[in-house]
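*Asks:* What follows is work_11.txt, made up of compact mmCIF, C-alpha atoms:
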# COMPACT_ATOMS: atom_id res chain seq x y z
CA MET A 1168 -2.71 2.32 0.09
CA HIS A 1169 -0.93 -0.90 -0.90
CA ARG A 1170 0.13 -2.01 -4.34
CA ARG A 1171 -1.87 -5.23 -4.05
CA ASP A 1172 -4.98 -3.00 -4.35
CA ILE A 1173 -5.58 -2.74 -8.09
CA HIS A 1174 -8.28 -0.06 -7.94
CA GLN A 1175 -9.14 2.41 -5.21
CA GLN A 1176 -11.37 5.46 -5.36
CA SER A 1177 -12.68 8.29 -3.18
CA ASP A 1178 -14.65 11.41 -3.93
CA PHE A 1179 -11.61 13.30 -5.28
CA HIS A 1180 -8.87 10.76 -6.05
CA GLU A 1181 -8.55 7.35 -7.69
CA TYR A 1182 -5.78 4.76 -8.07
CA VAL A 1183 -5.58 2.21 -10.88
CA ARG A 1184 -2.90 -0.44 -11.32
CA ILE A 1185 -2.51 -1.68 -14.91
CA ASP A 1186 -1.80 -5.36 -14.32
CA ASP A 1187 -3.93 -6.89 -17.07
CA GLY A 1188 -2.85 -4.52 -19.83
CA SER A 1189 -6.15 -2.64 -20.07
CA VAL A 1190 -5.78 1.11 -19.57
CA PRO A 1191 -8.92 2.95 -18.49
CA PRO A 1192 -10.14 5.37 -21.15
CA ALA A 1193 -9.46 9.07 -20.87
CA ASP A 1194 -12.20 10.94 -19.05
CA PRO A 1195 -12.68 14.74 -19.03
CA ALA A 1196 -13.67 14.47 -15.35
CA ARG A 1197 -10.36 12.82 -14.43
CA ILE A 1198 -6.90 14.36 -14.18
CA ASP A 1199 -4.55 11.49 -14.97
CA VAL A 1200 -1.11 11.19 -13.35
CA ALA A 1201 1.20 8.42 -14.58
CA VAL A 1202 3.45 6.41 -12.27
CA LEU A 1203 6.33 4.62 -13.99
CA ASP A 1204 6.85 1.59 -11.75
CA MET A 1205 10.48 0.46 -12.13
CA ASN A 1206 10.41 -2.16 -9.36
CA HIS A 1207 10.15 -5.28 -11.56
CA SER A 1208 7.87 -6.74 -8.83
CA TRP A 1209 10.72 -6.37 -6.31
CA PRO A 1210 9.38 -5.88 -2.74
CA ASN A 1211 9.26 -2.17 -1.92
CA VAL A 1212 7.32 0.53 -0.11
CA GLY A 1213 8.34 3.42 -2.39
CA HIS A 1214 5.72 2.83 -5.08
CA ASP A 1215 2.84 3.00 -2.60
CA ALA A 1216 4.38 6.04 -0.91
CA LEU A 1217 4.64 7.91 -4.23
CA VAL A 1218 0.98 7.19 -4.98
CA HIS A 1219 0.11 8.44 -1.50
CA ALA A 1220 2.16 11.62 -2.12
CA VAL A 1221 -0.01 12.40 -5.17
CA VAL A 1222 -3.13 11.84 -3.06
CA GLU A 1223 -1.77 14.26 -0.44
CA ALA A 1224 -1.10 16.83 -3.15
CA ALA A 1225 -4.65 16.37 -4.45
CA GLU A 1226 -5.97 16.85 -0.90
CA GLU A 1227 -4.67 20.43 -1.02
CA TYR A 1228 -7.05 21.12 -3.92
CA ARG A 1229 -10.01 19.09 -2.72
CA PRO A 1230 -12.47 22.02 -2.63
CA ALA A 1231 -11.60 23.02 -6.21
CA LEU A 1232 -11.77 19.41 -7.38
CA THR A 1233 -15.17 18.72 -5.81
CA THR A 1234 -16.61 22.02 -7.01
CA ALA A 1235 -15.56 21.25 -10.58
CA GLY A 1236 -16.55 17.57 -10.32
CA LEU A 1237 -12.97 16.43 -10.99
CA THR A 1238 -10.94 13.47 -9.73
CA VAL A 1239 -7.17 13.05 -9.68
CA ARG A 1240 -6.52 9.55 -11.02
CA VAL A 1241 -3.13 7.89 -10.51
CA ILE A 1242 -2.42 5.17 -13.08
CA SER A 1243 0.52 2.85 -12.38
CA TYR A 1244 2.42 1.19 -15.25
CA ASP A 1245 4.72 -1.82 -14.76
CA VAL A 1246 7.50 -0.67 -17.09
CA ARG A 1247 10.27 -3.24 -16.71
CA ARG A 1248 8.35 -6.50 -16.22
CA ARG A 1249 5.27 -5.96 -18.43
CA PHE A 1250 6.70 -3.33 -20.84
CA GLN A 1251 3.87 -0.95 -20.02
CA LEU A 1252 4.23 2.78 -20.68
CA PRO A 1253 1.76 5.68 -20.65
CA GLU A 1254 1.18 7.88 -23.62
CA ALA A 1255 3.54 10.75 -24.27
CA PRO A 1256 2.23 14.21 -23.25
CA ASN A 1257 -0.82 14.73 -25.43
CA GLY A 1258 -3.45 16.43 -23.30
CA ARG A 1259 -4.26 13.36 -21.21
CA PHE A 1260 -0.96 12.97 -19.40
CA SER A 1261 1.32 15.81 -18.42
CA LEU A 1262 2.59 14.72 -14.99
CA TYR A 1263 4.76 11.61 -14.60
CA LEU A 1264 6.47 10.04 -11.57
CA GLY A 1265 9.26 7.46 -11.82
CA THR A 1266 9.88 5.08 -8.90
CA GLY A 1267 12.96 3.43 -7.50
CA GLY A 1268 13.80 -0.19 -8.26
CA PRO A 1269 16.39 -2.96 -8.04
CA GLY A 1270 19.27 -3.97 -10.27
CA HIS A 1271 21.75 -2.30 -12.55
CA LEU A 1272 20.75 0.96 -14.21
CA ASP A 1273 21.63 -0.59 -17.58
CA PRO A 1274 19.04 -3.36 -18.03
CA ARG A 1275 21.38 -5.29 -20.35
CA ARG A 1276 23.61 -5.98 -17.33
CA ASN A 1277 20.84 -7.53 -15.25
CA ASP A 1278 21.58 -11.21 -15.79
CA GLY A 1279 20.16 -12.40 -12.45
CA VAL A 1280 23.64 -13.49 -11.32
CA GLN A 1281 25.94 -10.52 -10.80
CA PRO A 1282 25.67 -8.75 -7.42
CA TRP A 1283 24.38 -5.55 -9.04
CA ALA A 1284 21.47 -7.44 -10.66
CA GLN A 1285 19.95 -8.26 -7.25
CA GLY A 1286 18.43 -11.38 -8.77
CA ILE A 1287 16.81 -9.45 -11.64
CA LYS A 1288 17.02 -10.92 -15.15
CA GLU A 1289 15.24 -8.78 -17.68
CA ASP A 1290 14.60 -7.98 -21.30
CA PRO A 1291 15.85 -4.42 -22.01
CA ALA A 1292 13.18 -3.85 -24.68
CA TRP A 1293 11.44 -1.25 -22.46
CA GLU A 1294 14.44 1.09 -22.40
CA LYS A 1295 14.18 2.71 -25.85
CA PRO A 1296 10.43 3.46 -25.51
CA LEU A 1297 11.06 4.86 -22.01
CA PHE A 1298 13.84 7.10 -23.30
CA ARG A 1299 11.55 8.30 -26.10
CA LEU A 1300 8.99 9.16 -23.41
CA PHE A 1301 11.67 11.11 -21.50
CA GLU A 1302 12.45 12.98 -24.73
CA SER A 1303 8.78 13.85 -25.24
CA ILE A 1304 8.33 15.06 -21.66
CA HIS A 1305 11.52 17.12 -21.78
CA GLY A 1306 10.46 18.74 -25.04
CA ASN A 1307 6.94 19.62 -23.91
CA PRO A 1308 6.80 22.82 -21.82
CA ARG A 1309 3.49 21.70 -20.27
CA ALA A 1310 4.77 18.32 -19.09
CA ALA A 1311 6.60 17.44 -15.86
CA LEU A 1312 8.53 14.44 -14.55
CA VAL A 1313 9.85 13.67 -11.08
CA ALA A 1314 12.24 10.69 -11.12
CA VAL A 1315 13.23 8.94 -7.87
CA CYS A 1316 16.28 6.71 -7.27
CA HIS A 1317 16.34 4.07 -10.08
CA SER A 1318 14.36 6.39 -12.35
CA PHE A 1319 16.86 9.13 -11.49
CA GLY A 1320 19.68 6.88 -12.73
CA LEU A 1321 17.79 6.15 -15.96
CA LEU A 1322 17.21 9.87 -16.47
CA CYS A 1323 20.95 10.44 -16.02
CA ARG A 1324 21.76 7.71 -18.56
CA TRP A 1325 19.22 9.05 -21.06
CA SER A 1326 20.55 12.61 -20.79
CA GLY A 1327 24.22 11.63 -20.58
CA VAL A 1328 24.61 13.86 -17.52
CA ALA A 1329 26.05 11.14 -15.27
CA THR A 1330 27.35 7.56 -15.41
CA PRO A 1331 26.44 4.83 -12.88
CA GLN A 1332 29.28 3.46 -10.76
CA MET A 1333 28.64 0.67 -8.29
CA ARG A 1334 29.53 1.74 -4.77
CA PRO A 1335 32.07 -0.24 -2.72
CA GLN A 1336 29.36 -0.41 -0.06
CA LYS A 1337 25.60 0.09 -0.37
CA SER A 1338 24.33 3.49 0.78
CA SER A 1339 21.55 2.86 3.28
CA GLY A 1340 19.91 4.71 6.15
CA MET A 1341 19.88 8.51 6.44
CA PRO A 1342 23.15 9.96 5.08
CA MET A 1343 23.88 13.58 4.18
CA ASN A 1344 23.72 15.30 0.79
CA VAL A 1345 25.01 18.77 -0.09
CA LEU A 1346 23.33 21.44 -2.20
CA SER A 1347 25.54 22.80 -4.98
CA GLY A 1348 25.95 26.54 -5.45
CA GLU A 1349 23.38 26.33 -8.26
CA GLY A 1350 21.04 24.44 -5.96
CA ALA A 1351 21.38 27.00 -3.16
CA SER A 1352 20.57 29.86 -5.56
CA HIS A 1353 17.78 28.06 -7.45
CA PRO A 1354 14.38 29.84 -7.49
CA TRP A 1355 12.75 26.94 -5.62
CA PHE A 1356 15.62 25.21 -3.81
CA SER A 1357 16.96 28.48 -2.40
CA ARG A 1358 14.00 28.23 -0.02
CA PHE A 1359 15.28 24.79 0.94
CA SER A 1360 18.74 26.27 1.48
CA ARG A 1361 17.36 28.90 3.85
CA SER A 1362 15.75 26.17 5.96
CA LEU A 1363 19.10 24.36 6.47
CA GLN A 1364 21.39 25.17 9.35
CA ASP A 1365 24.42 25.77 7.13
CA GLY A 1366 22.49 26.46 3.92
CA ARG A 1367 23.87 23.39 2.16
CA THR A 1368 23.80 20.00 3.92
CA PHE A 1369 20.61 17.98 4.27
CA ARG A 1370 19.61 14.49 5.36
CA VAL A 1371 17.99 11.97 3.00
CA VAL A 1372 16.42 8.52 3.21
CA ASP A 1373 18.72 6.36 1.10
CA ASN A 1374 18.89 2.81 -0.21
CA ARG A 1375 21.07 2.44 -3.32
CA LEU A 1376 23.91 0.49 -4.86
CA PHE A 1377 25.07 3.10 -7.39
CA ASP A 1378 26.58 6.54 -7.46
CA LEU A 1379 25.93 8.69 -10.52
CA ASP A 1380 29.24 10.31 -11.44
CA LEU A 1381 28.76 13.67 -13.14
CA GLU A 1382 30.04 13.58 -16.72
CA ARG A 1383 28.75 16.72 -18.39
CA ARG A 1384 26.30 19.38 -17.42
CA GLY A 1385 25.10 20.83 -20.71
CA SER A 1386 21.75 22.44 -19.96
CA ALA A 1387 21.29 20.28 -16.84
CA VAL A 1388 21.60 21.83 -13.39
CA ALA A 1389 23.43 19.68 -10.84
CA LEU A 1390 21.53 20.63 -7.68
CA ALA A 1391 23.13 18.38 -5.06
CA PHE A 1392 25.89 15.85 -4.41
CA ASP A 1393 26.68 13.01 -2.00
CA ALA A 1394 28.43 14.53 1.01
CA THR A 1395 31.09 11.78 0.92
CA HIS A 1396 31.70 11.78 -2.85
CA GLU A 1397 32.02 15.22 -4.40
CA ASN A 1398 31.37 14.04 -7.99
CA ALA A 1399 28.37 11.82 -7.21
CA VAL A 1400 25.41 13.94 -8.26
CA THR A 1401 22.25 13.22 -6.27
CA MET A 1402 19.79 15.78 -7.65
CA ILE A 1403 19.48 17.20 -11.17
CA GLU A 1404 17.12 19.52 -12.99
CA LEU A 1405 16.80 19.00 -16.73
CA ALA A 1406 13.98 21.48 -17.37
CA ARG A 1407 12.37 24.35 -15.48
CA ASP A 1408 9.09 26.23 -15.71
CA PRO A 1409 10.29 29.67 -16.86
CA ASP A 1410 7.26 31.44 -15.41
CA THR A 1411 7.43 30.05 -11.87
CA GLY A 1412 11.02 28.79 -11.57
CA MET A 1413 9.74 25.38 -10.42
CA PRO A 1414 11.53 22.23 -11.62
CA ARG A 1415 9.75 20.63 -14.56
CA VAL A 1416 12.03 17.62 -15.09
CA LEU A 1417 13.64 16.71 -11.77
CA GLY A 1418 15.61 13.67 -10.65
CA VAL A 1419 16.61 12.79 -7.07
CA ASN A 1420 18.82 9.89 -5.96
CA HIS A 1421 17.11 9.37 -2.62
CA HIS A 1422 13.61 8.50 -1.36
CA PRO A 1423 11.68 11.69 -0.50
CA GLU A 1424 8.43 9.71 -0.73
CA ILE A 1425 9.30 7.95 2.55
CA ILE A 1426 7.69 10.45 4.93
CA ASP A 1427 5.19 8.96 7.35
CA ARG A 1428 7.05 6.71 9.83
CA GLU A 1429 3.99 4.99 11.26
CA HIS A 1430 2.43 4.30 7.86
CA ILE A 1431 5.67 2.87 6.43
CA LEU A 1432 6.22 0.64 9.49
CA ALA A 1433 2.66 -0.68 9.11
CA VAL A 1434 3.25 -1.47 5.42
CA LEU A 1435 6.55 -3.18 6.27
CA GLU A 1436 4.88 -5.33 8.91
CA GLU A 1437 2.09 -6.30 6.51
CA LYS A 1438 4.63 -7.38 3.88
CA ARG A 1439 6.46 -9.40 6.53
CA VAL A 1440 3.30 -11.11 7.77
CA HIS A 1441 2.26 -12.01 4.22
CA ARG A 1442 5.79 -13.31 3.53
CA ASP A 1443 6.14 -10.92 0.61
CA VAL A 1444 9.68 -10.06 1.72
CA SER A 1445 12.70 -11.70 3.32
CA GLU A 1446 13.54 -11.15 6.98
CA ALA A 1447 16.76 -9.35 5.97
CA TRP A 1448 14.82 -7.00 3.64
CA TYR A 1449 12.33 -6.25 6.41
CA ARG A 1450 14.93 -5.64 9.11
CA GLU A 1451 17.03 -3.26 7.00
CA ARG A 1452 14.08 -0.99 6.27
CA ALA A 1453 12.45 -1.33 9.68
CA HIS A 1454 15.77 -0.31 11.27
CA THR A 1455 15.90 2.85 9.16
CA MET A 1456 12.34 3.77 10.07
CA SER A 1457 12.29 2.82 13.76
CA GLU A 1458 15.85 3.58 14.84
CA LEU A 1459 16.99 6.43 12.59
CA PHE A 1460 13.76 8.06 11.37
CA GLN A 1461 12.86 9.91 14.55
CA GLY A 1462 13.61 13.10 16.46
CA GLU A 1463 15.80 15.64 14.66
CA SER A 1464 16.65 13.16 11.89
CA GLU A 1465 12.96 12.70 11.09
CA ARG A 1466 12.39 16.47 11.13
CA GLN A 1467 15.28 17.02 8.73
CA SER A 1468 14.06 14.26 6.44
CA ARG A 1469 10.58 15.78 6.33
CA VAL A 1470 12.08 19.11 5.26
CA THR A 1471 13.98 17.29 2.51
CA SER A 1472 10.76 15.59 1.36
CA GLU A 1473 8.89 18.90 1.32
CA PHE A 1474 11.35 20.57 -1.04
CA THR A 1475 12.50 17.64 -3.18
CA LEU A 1476 9.09 16.07 -3.78
CA LEU A 1477 5.93 17.31 -2.03
CA GLY A 1478 6.18 20.99 -2.88
CA VAL A 1479 7.03 20.18 -6.50
CA LEU A 1480 4.08 17.77 -6.71
CA ARG A 1481 1.65 20.30 -5.21
CA HIS A 1482 2.74 22.86 -7.78
CA HIS A 1483 2.19 20.58 -10.78
CA VAL A 1484 -1.03 19.03 -9.46
CA GLY A 1485 -2.32 22.53 -8.70
CA ARG A 1486 -1.47 23.66 -12.22
CA LEU A 1487 -3.44 20.75 -13.64
CA VAL A 1488 -6.43 21.35 -11.35
CA GLU A 1489 -6.54 25.02 -12.30
CA SER A 1490 -6.25 24.29 -16.01
CA ARG A 1491 -8.88 21.53 -16.00
CA SER A 1492 -11.29 23.49 -13.80
CA GLN A 1493 -11.42 26.22 -16.45
CA ILE A 1494 -12.66 23.77 -19.08
CA HIS A 1495 -14.72 21.58 -16.74
CA PRO A 1496 -16.60 24.01 -14.48
Can I see the file as structure tokens?
*Replies:*
Amino acid sequence: MHRRDIHQQSDFHEYVRIDDGSVPPADPARIDVAVLDMNHSWPNVGHDALVHAVVEAAEEYRPALTTAGLTVRVISYDVRRRFQLPEAPNGRFSLYLGTGGPGHLDPRRNDGVQPWAQGIKEDPAWEKPLFRLFESIHGNPRAALVAVCHSFGLLCRWSGVATPQMRPQKSSGMPMNVLSGEGASHPWFSRFSRSLQDGRTFRVVDNRLFDLDLERRGSAVALAFDATHENAVTMIELARDPDTGMPRVLGVNHHPEIIDREHILAVLEEKRVHRDVSEAWYRERAHTMSELFQGESERQSRVTSEFTLLGVLRHHVGRLVESRSQIHP
């Protein structure tokens, strides 16, 4: 599933990319999931992988979906370049996913020149509406948000939990993170802890310029940190489902959506052939996938993806399928 495909559909899932500004109308036979695309048209594979992760979660509930005549529809919004945002939780949307993306985590500092801008020059007008959306999701006990990488940094800035600091050297490849004590005892992530050899350290797929230095916790739960920087928080929970203990507003500073090695390599090669990306961009990511993402490292990364993304997605998609099936038998 590639981002150049604007609309795709099967018997139980559908993908729509809002490039022309027209949002498909709400439909009682469709369960809408919003993707907040923060890539500013920067070449990436994370967006497509997140969409695919929702499809995989929907696959788990395919019998229930087909019986009830329901479809899980993923709608992708270009937040930073086209100023597109989904509606706040209102009955149509209650599950949101935020992607990674290039540039500084403060859009006002993306002048297209400084190293942290990565060539991005942007109007920060999208930030206040996005932060209002975060506020609405956080305040709605039926809504959920999973924020990856760049979206994680924006969530940290919105909440005031952590401040971005540019790293002396880019973090790339498959480094180690460490669960905090709160992470290891968390109702959901304690299961993750039990799957780790030492109960704390885990491998991630990483590609980032910034650390997020913990400033204040408040009601936030700092779940994990960079193994080489004890104050650089890499996973936070800002809200939890009190009935199930599952994260409701979760941010991760890695790429748990990068799971299927063969699929990602195929997407990378396609982008290279179509000259969508530079040779340096291609080689950096292909190296991670072909040289590092195999054997025990790949197994560990898949465990990380299961607990920091896939399991959380299955829970929230399942909740939506169950709820909608009751009113759309």
*Asks:* Please compute the atom CA of Phe1179 of chain A-atom CA of Leu1476 of chain A distance, one decimal, in Å.
*Replies:* 20.9 Å
*Asks:* Which residue out of A:Pro1414, A:Pro1191, A:Pro1274, A:Gly1268 has the minimum interatomic distance to His1317 of chain A when all atoms listed in the file are used?
*Replies:*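 Using all atoms listed in the file, the shortest distance to His1317 of chain A belongs to A:Gly1268.
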*Asks:* Any chance you could tabulate, as a Markdown table, the residues of segment 1271-1299 of chain A at most 12 Å from segment 1374-1384 of chain A with each one's nearest atom pair and distance in Å to one decimal, using all atoms listed in the file, in chain and rising number order?
*Replies:*
| residue | atom | partner | partner_atom | distance |
| --- | --- | --- | --- | --- |
| A:His1271 | CA | A:Phe1377 | CA | 8.2 |
| A:Leu1272 | CA | A:Phe1377 | CA | 8.4 |
| A:Asp1273 | CA | A:Phe1377 | CA | 11.4 |
| A:Pro1282 | CA | A:Leu1376 | CA | 9.7 |
| A:Trp1283 | CA | A:Leu1376 | CA | 7.4 |
| A:Ala1284 | CA | A:Leu1376 | CA | 10.1 |
| A:Gln1285 | CA | A:Leu1376 | CA | 9.9 |
*Asks:* Restricting the calculation to all atoms listed in the file: of A:His1483, A:Arg1450, A:His1207, A:His1396, which residue gets closest to Met1413 of chain A?
*Replies:*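 Among the listed residues, the smallest separation from Met1413 of chain A belongs to A:His1483.
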*Asks:* Taking into account all atoms listed in the file, which residue in the set A:Gly1478, A:Gly1366, A:Gly1265, A:Pro1195 is nearest to Gly1236 of chain A?
*Replies:* A:Pro1195
*Asks:* Please report the interatomic distance between atom CA of Thr1475 of chain A and atom CA of Pro1308 of chain A in Å with one decimal.
*Replies:*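 Pair atom CA of Thr1475 of chain A / atom CA of Pro1308 of chain A returns 20.2 Å.
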*Asks:* Set the distance at 10 Å and use only C-alpha atoms: which residues neighbour Asp1290 of chain A once local chain neighbours fewer than 4 positions away are removed? I'd like the list as a list in words.
*Replies:* Arg1247, Arg1248, Arg1249, Phe1250, Pro1274, Arg1275, Asn1277, Asp1278 and Glu1294 of chain A
*Asks:* Ranking A:Asp1443, A:Glu1254, A:Glu1223, A:Glu1451 by minimum distance to Ser1303 of chain A and counting all atoms listed in the file, which one comes first?
*Replies:*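 That would be A:Glu1254, the residue with the smallest distance to Ser1303 of chain A.
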*Asks:* Figure out the distance between atom CA of Ser1386 of chain A and atom CA of Asn1420 of chain A, please, to one decimal in Å.
*Replies:*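 Taking atom CA of Asn1420 of chain A and atom CA of Ser1386 of chain A, their separation equals 19.0 Å.
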